[in-house]
Amino acid sequence: MTTSAASTGRLSPLVWLCLVAVYFVWGSTYLAIRFALEAYPPLFFPGIRFIAAGSVLLIVLRLRGYPLPTWGQFGRSMVIGFLLLNIGNGAVVYAQKSVGSALAATAVATMPLWASLFGGIWGLWPKPLQWLGLAIGFSGIVLLNLGGDFAANPLSAALLISAAVSWAFGSVWSRRLDMPAGPMSTACQMFSAGVLFLIASAAAGESWHLVTTPKAMAAVAYLTIFGSVIAFSAYIYLNQTVSPSLATSYAYVNPVVALLLGAALAGELFVASELAAIVLVLSGVLMIVLNNRKPKVPKVVV
C-alpha cells in the first residue's frame, strides 16, 4: 500500500461507498439470516451463498484480467476465509436459530474489542482510554449474558462471542499476510469457505433443497449478492486500504440497523437489561475506535 485514506486522511468516494455497504447492508443481513433459517439448514445455505458469490466474483475478476493467486496465497486465503466466514459467519447463523438478529449483531459488535487485544500480539497494545473502552464493552457482554435471550441460550451466546473473536483475529492477522491482490482475496476466501460449509453440511446429513419458500429464497439471494459480493468485498477493500479503526467502525452501526429492522419487520422485543447491554457494548467499541492508533505495519508472510 502506498497512498491510502489511512495515510492522507482523505476518504475517496470508493471508501465512502464501501463504508455505506458495510454499515447498512451488513446491518440488514442478520434479519436476512433469520428469514433464511426458516426454510434452509444452517450449514447448507451459507455454503451455497459463498460458493455462488465467490464463483461469480472470480469469473468477473478473471475477465477483467486479474491474475490467479499463487498456491501459497490461496492457502492463506483459505485459512483467513475459515476464520472470518466458516467460524465468524457460521457461528452467527447457528446462534440465530435461538437469538434475535439485533442481539446477534450486538455480540458480533464486540469484534473491535477483541481486535484491540489481538493487536498486542504484534506489539500494538491498547492505549489507556482503549483499556477503559474494553472494560465498558466487556461489562456489556456480561450484562447481555445475564438477561433475556442470551441467559436462556448460553450456547448461542458462546457461539456469537466465538464468532467475534475469530473474525477479529482473522482480520488482524490478514493485514500481515501475503494475500491475493484486491478483490481476488475476497473471491478465494468466499469460494473456499463455501466448499467447507457444504462438506460440513453433507457430514451433518442436512437436506439439500434450493427451492423452498419465496421469503427464504429471497433472503439467500440477498445475502449472496449484497451481503457477500458487495459488502464482504467492501470490507476486504477497507481492511487492506484504510486504518483498522475505520475498517471496523461498522461494528457500532450494524446493531442499530439490525435493531430497527428486527423490531419493524420481525417483531423482535427487548428487555431493559438487553438495551442497556447494547448501549454499553457500543460505547466501549466507539471509545476504542475513536482512540485507535494508526501505525504503518509491514506485511509479513507467516
# chains A, B, ... in the order shown; residues from 1 in each chain; ligands from 1

$ residues_around --residues "Pro42 of chain A" --least-positions-apart "3" --cutoff "8 Å" --atoms "only C-alpha atoms" --output "PyMOL selection string"
chain A and resi 37+45-46+90+93-94

$ residues_around --residues "Phe191 of chain A" --least-positions-apart "5" --cutoff "8 Å" --atoms "only C-alpha atoms" --output "PyMOL selection string"
chain A and resi 50-55

$ residues_around --residues "Arg76 of chain A" --least-positions-apart "6" --cutoff "8 Å" --atoms "only C-alpha atoms" --output "list in words"
Leu177, Asp178 and Met179 of chain A

$ write_last_selection --atoms "N, CA and C atoms" --output "CSV table (one decimal), in the first residue's frame"
chain,number,residue,atom,x,y,z
A,177,LEU,N,-0.3,-10.7,6.2
A,177,LEU,CA,0.0,-11.9,5.3
A,177,LEU,C,0.0,-11.5,3.8
A,178,ASP,N,0.7,-12.3,3.1
A,178,ASP,CA,0.8,-12.1,1.6
A,178,ASP,C,-0.5,-12.7,1.0
A,179,MET,N,-1.5,-11.9,0.8
A,179,MET,CA,-2.8,-12.3,0.3
A,179,MET,C,-2.9,-12.0,-1.2

$ residues_around --residues "segment 131-144 of chain A" --least-positions-apart "2" --cutoff "10 Å" --atoms "only C-alpha atoms" --output "VMD selection string"
chain A and resid 103 106 to 107 109 to 110 112 to 114 116 to 117 125 to 129 146 to 151 157 161 273 to 289 291

$ write_last_selection --atoms "N, CA and C atoms" --output "tab-separated table (two decimals), in the first residue's frame"
chain	number	residue	atom	x	y	z
A	103	LEU	N	-29.62	-8.74	18.85
A	103	LEU	CA	-28.70	-9.22	19.88
A	103	LEU	C	-27.50	-9.91	19.26
A	106	THR	N	-25.22	-7.24	18.11
A	106	THR	CA	-24.54	-6.59	19.25
A	106	THR	C	-23.37	-7.43	19.73
A	107	ALA	N	-23.55	-8.75	19.83
A	107	ALA	CA	-22.46	-9.61	20.26
A	107	ALA	C	-21.31	-9.57	19.26
A	109	ALA	N	-20.63	-7.12	17.45
A	109	ALA	CA	-20.06	-5.76	17.53
A	109	ALA	C	-18.90	-5.68	18.50
A	110	THR	N	-18.69	-6.73	19.31
A	110	THR	CA	-17.52	-6.73	20.20
A	110	THR	C	-16.23	-7.02	19.45
A	112	PRO	N	-14.22	-5.26	17.50
A	112	PRO	CA	-13.10	-4.33	17.71
A	112	PRO	C	-12.48	-4.45	19.10
A	113	LEU	N	-13.26	-4.87	20.09
A	113	LEU	CA	-12.68	-5.08	21.42
A	113	LEU	C	-11.62	-6.18	21.35
A	114	TRP	N	-11.98	-7.29	20.71
A	114	TRP	CA	-11.03	-8.39	20.58
A	114	TRP	C	-9.87	-8.01	19.66
A	116	SER	N	-8.50	-5.15	19.35
A	116	SER	CA	-7.56	-4.34	20.12
A	116	SER	C	-6.63	-5.22	20.94
A	117	LEU	N	-7.18	-6.28	21.52
A	117	LEU	CA	-6.36	-7.20	22.31
A	117	LEU	C	-5.41	-8.00	21.43
A	125	TRP	N	-0.46	-2.73	21.72
A	125	TRP	CA	-1.37	-2.81	22.86
A	125	TRP	C	-2.29	-1.60	22.92
A	126	PRO	N	-3.50	-1.77	23.47
A	126	PRO	CA	-4.43	-0.64	23.57
A	126	PRO	C	-3.85	0.51	24.40
A	127	LYS	N	-4.27	1.72	24.06
A	127	LYS	CA	-3.89	2.90	24.83
A	127	LYS	C	-4.79	2.98	26.07
A	128	PRO	N	-4.46	3.85	27.04
A	128	PRO	CA	-5.23	3.90	28.29
A	128	PRO	C	-6.75	4.04	28.10
A	129	LEU	N	-7.17	4.95	27.23
A	129	LEU	CA	-8.61	5.12	27.01
A	129	LEU	C	-9.22	3.90	26.33
A	146	LEU	N	-26.54	-12.08	31.05
A	146	LEU	CA	-27.29	-12.28	32.28
A	146	LEU	C	-28.80	-12.23	32.10
A	147	GLY	N	-29.25	-11.66	30.99
A	147	GLY	CA	-30.70	-11.49	30.85
A	147	GLY	C	-31.22	-11.82	29.46
A	148	GLY	N	-32.53	-11.96	29.36
A	148	GLY	CA	-33.20	-12.14	28.07
A	148	GLY	C	-32.80	-13.40	27.33
A	149	ASP	N	-32.71	-13.28	26.01
A	149	ASP	CA	-32.43	-14.42	25.14
A	149	ASP	C	-31.08	-15.07	25.45
A	150	PHE	N	-30.09	-14.25	25.76
A	150	PHE	CA	-28.76	-14.81	25.99
A	150	PHE	C	-28.72	-15.70	27.22
A	151	ALA	N	-29.40	-15.28	28.30
A	151	ALA	CA	-29.41	-16.10	29.52
A	151	ALA	C	-30.07	-17.44	29.26
A	157	ALA	N	-24.93	-17.71	22.98
A	157	ALA	CA	-24.06	-16.62	23.43
A	157	ALA	C	-22.60	-16.97	23.19
A	161	ILE	N	-19.90	-14.94	20.66
A	161	ILE	CA	-18.62	-14.40	21.12
A	161	ILE	C	-17.47	-15.05	20.35
A	273	SER	N	-32.53	-4.83	30.34
A	273	SER	CA	-31.12	-5.21	30.50
A	273	SER	C	-30.44	-5.40	29.16
A	274	GLU	N	-31.18	-5.89	28.16
A	274	GLU	CA	-30.60	-6.08	26.84
A	274	GLU	C	-30.30	-4.74	26.18
A	275	LEU	N	-31.23	-3.79	26.32
A	275	LEU	CA	-31.00	-2.46	25.75
A	275	LEU	C	-29.82	-1.78	26.44
A	276	ALA	N	-29.71	-1.94	27.77
A	276	ALA	CA	-28.57	-1.36	28.50
A	276	ALA	C	-27.26	-2.00	28.05
A	277	ALA	N	-27.29	-3.31	27.81
A	277	ALA	CA	-26.09	-4.00	27.35
A	277	ALA	C	-25.67	-3.51	25.97
A	278	ILE	N	-26.64	-3.28	25.09
A	278	ILE	CA	-26.34	-2.76	23.75
A	278	ILE	C	-25.63	-1.42	23.86
A	279	VAL	N	-26.12	-0.55	24.74
A	279	VAL	CA	-25.51	0.78	24.93
A	279	VAL	C	-24.08	0.64	25.43
A	280	LEU	N	-23.85	-0.26	26.40
A	280	LEU	CA	-22.50	-0.45	26.95
A	280	LEU	C	-21.53	-0.98	25.90
A	281	VAL	N	-21.97	-1.99	25.15
A	281	VAL	CA	-21.10	-2.58	24.13
A	281	VAL	C	-20.73	-1.54	23.08
A	282	LEU	N	-21.71	-0.82	22.58
A	282	LEU	CA	-21.44	0.16	21.53
A	282	LEU	C	-20.60	1.32	22.05
A	283	SER	N	-20.80	1.70	23.32
A	283	SER	CA	-19.99	2.77	23.91
A	283	SER	C	-18.53	2.35	24.02
A	284	GLY	N	-18.31	1.11	24.44
A	284	GLY	CA	-16.95	0.61	24.54
A	284	GLY	C	-16.27	0.52	23.20
A	285	VAL	N	-17.00	0.02	22.19
A	285	VAL	CA	-16.45	-0.09	20.84
A	285	VAL	C	-16.11	1.30	20.30
A	286	LEU	N	-17.02	2.25	20.50
A	286	LEU	CA	-16.80	3.61	20.00
A	286	LEU	C	-15.57	4.23	20.65
A	287	MET	N	-15.38	4.02	21.95
A	287	MET	CA	-14.21	4.57	22.65
A	287	MET	C	-12.92	4.00	22.08
A	288	ILE	N	-12.92	2.71	21.75
A	288	ILE	CA	-11.73	2.09	21.17
A	288	ILE	C	-11.46	2.63	19.78
A	289	VAL	N	-12.51	2.74	18.97
A	289	VAL	CA	-12.34	3.20	17.60
A	289	VAL	C	-11.84	4.63	17.54
A	291	ASN	N	-10.09	6.22	19.62
A	291	ASN	CA	-8.74	6.37	20.17
A	291	ASN	C	-7.75	5.40	19.55

$ closest_residue --among "A:Ser162, A:Ala168, A:Ala39, A:Leu11" --to "Ala216 of chain A" --atoms "only C-alpha atoms"
A:Ala39

$ closest_residue --among "A:Ser201, A:Ser156, A:Gln96, A:Thr29" --to "Leu43 of chain A" --atoms "only C-alpha atoms"
A:Ser201

$ closest_residue --among "A:Phe44, A:Phe82, A:Trp16, A:Phe197" --to "Tyr237 of chain A" --atoms "only C-alpha atoms"
A:Trp16

$ closest_residue --among "A:Pro214, A:Gly47, A:Gly88, A:Gly170" --to "Ile199 of chain A" --atoms "only C-alpha atoms"
A:Gly47

$ residues_around --residues "Met111 of chain A" --least-positions-apart "3" --cutoff "8 Å" --atoms "only C-alpha atoms" --output "PyMOL selection string"
chain A and resi 108+114-115+164-165+167-168+248+251

$ write_last_selection --atoms "N, CA and C atoms" --output "CSV table (one decimal), in the first residue's frame"
chain,number,residue,atom,x,y,z
A,108,VAL,N,-21.6,-9.6,18.0
A,108,VAL,CA,-20.6,-9.5,16.9
A,108,VAL,C,-19.9,-8.1,17.0
A,114,TRP,N,-12.0,-7.3,20.7
A,114,TRP,CA,-11.0,-8.4,20.6
A,114,TRP,C,-9.9,-8.0,19.7
A,115,ALA,N,-10.2,-7.2,18.6
A,115,ALA,CA,-9.1,-6.8,17.7
A,115,ALA,C,-8.1,-6.0,18.4
A,164,ALA,N,-17.1,-13.4,17.0
A,164,ALA,CA,-16.4,-12.1,17.1
A,164,ALA,C,-14.9,-12.3,17.3
A,165,VAL,N,-14.5,-13.2,18.1
A,165,VAL,CA,-13.1,-13.5,18.4
A,165,VAL,C,-12.4,-14.0,17.1
A,167,TRP,N,-13.4,-13.6,13.9
A,167,TRP,CA,-13.4,-12.5,12.9
A,167,TRP,C,-12.3,-11.5,13.2
A,168,ALA,N,-12.1,-11.2,14.5
A,168,ALA,CA,-11.1,-10.2,14.9
A,168,ALA,C,-9.7,-10.7,14.6
A,248,THR,N,-13.2,-1.2,10.9
A,248,THR,CA,-14.0,-1.9,11.9
A,248,THR,C,-15.1,-1.1,12.5
A,251,ALA,N,-18.9,-2.0,13.2
A,251,ALA,CA,-19.4,-2.8,14.3
A,251,ALA,C,-20.4,-2.0,15.2

$ atom_distance --atom1 "atom CA of Ile33 of chain A" --atom2 "atom CA of Gln240 of chain A"
26.8 Å

$ residues_around --residues "segment 77-81 of chain A" --least-positions-apart "6" --cutoff "9 Å" --atoms "only C-alpha atoms" --output "list in words"
Ile87, Trp167, Gly170, Ser171, Trp173, Ser174, Met179, Pro180, Ser185, Thr186, Cys188, Gln189, Met190, Phe191, Ser192 and Ala193 of chain A

$ closest_residue --among "A:Leu210, A:Ala200, A:Leu31, A:Leu159" --to "Leu223 of chain A" --atoms "only C-alpha atoms"
A:Leu31

$ select_by_dssp --residues "segment 99-164 of chain A" --states "helix (DSSP H, G or I)" --output "NGL selection string"
:A and (101-108 or 111-122 or 128-146 or 148-152 or 154-164)

$ atom_distance --atom1 "atom CA of Pro13 of chain A" --atom2 "atom CA of Val253 of chain A"
19.5 Å

$ closest_residue --among "A:Ala272, A:Ala105, A:Gly194, A:Ser207" --to "Tyr23 of chain A" --atoms "only C-alpha atoms"
A:Ala105

$ atom_distance --atom1 "atom CA of Leu198 of chain A" --atom2 "atom CA of Val22 of chain A"
25.6 Å
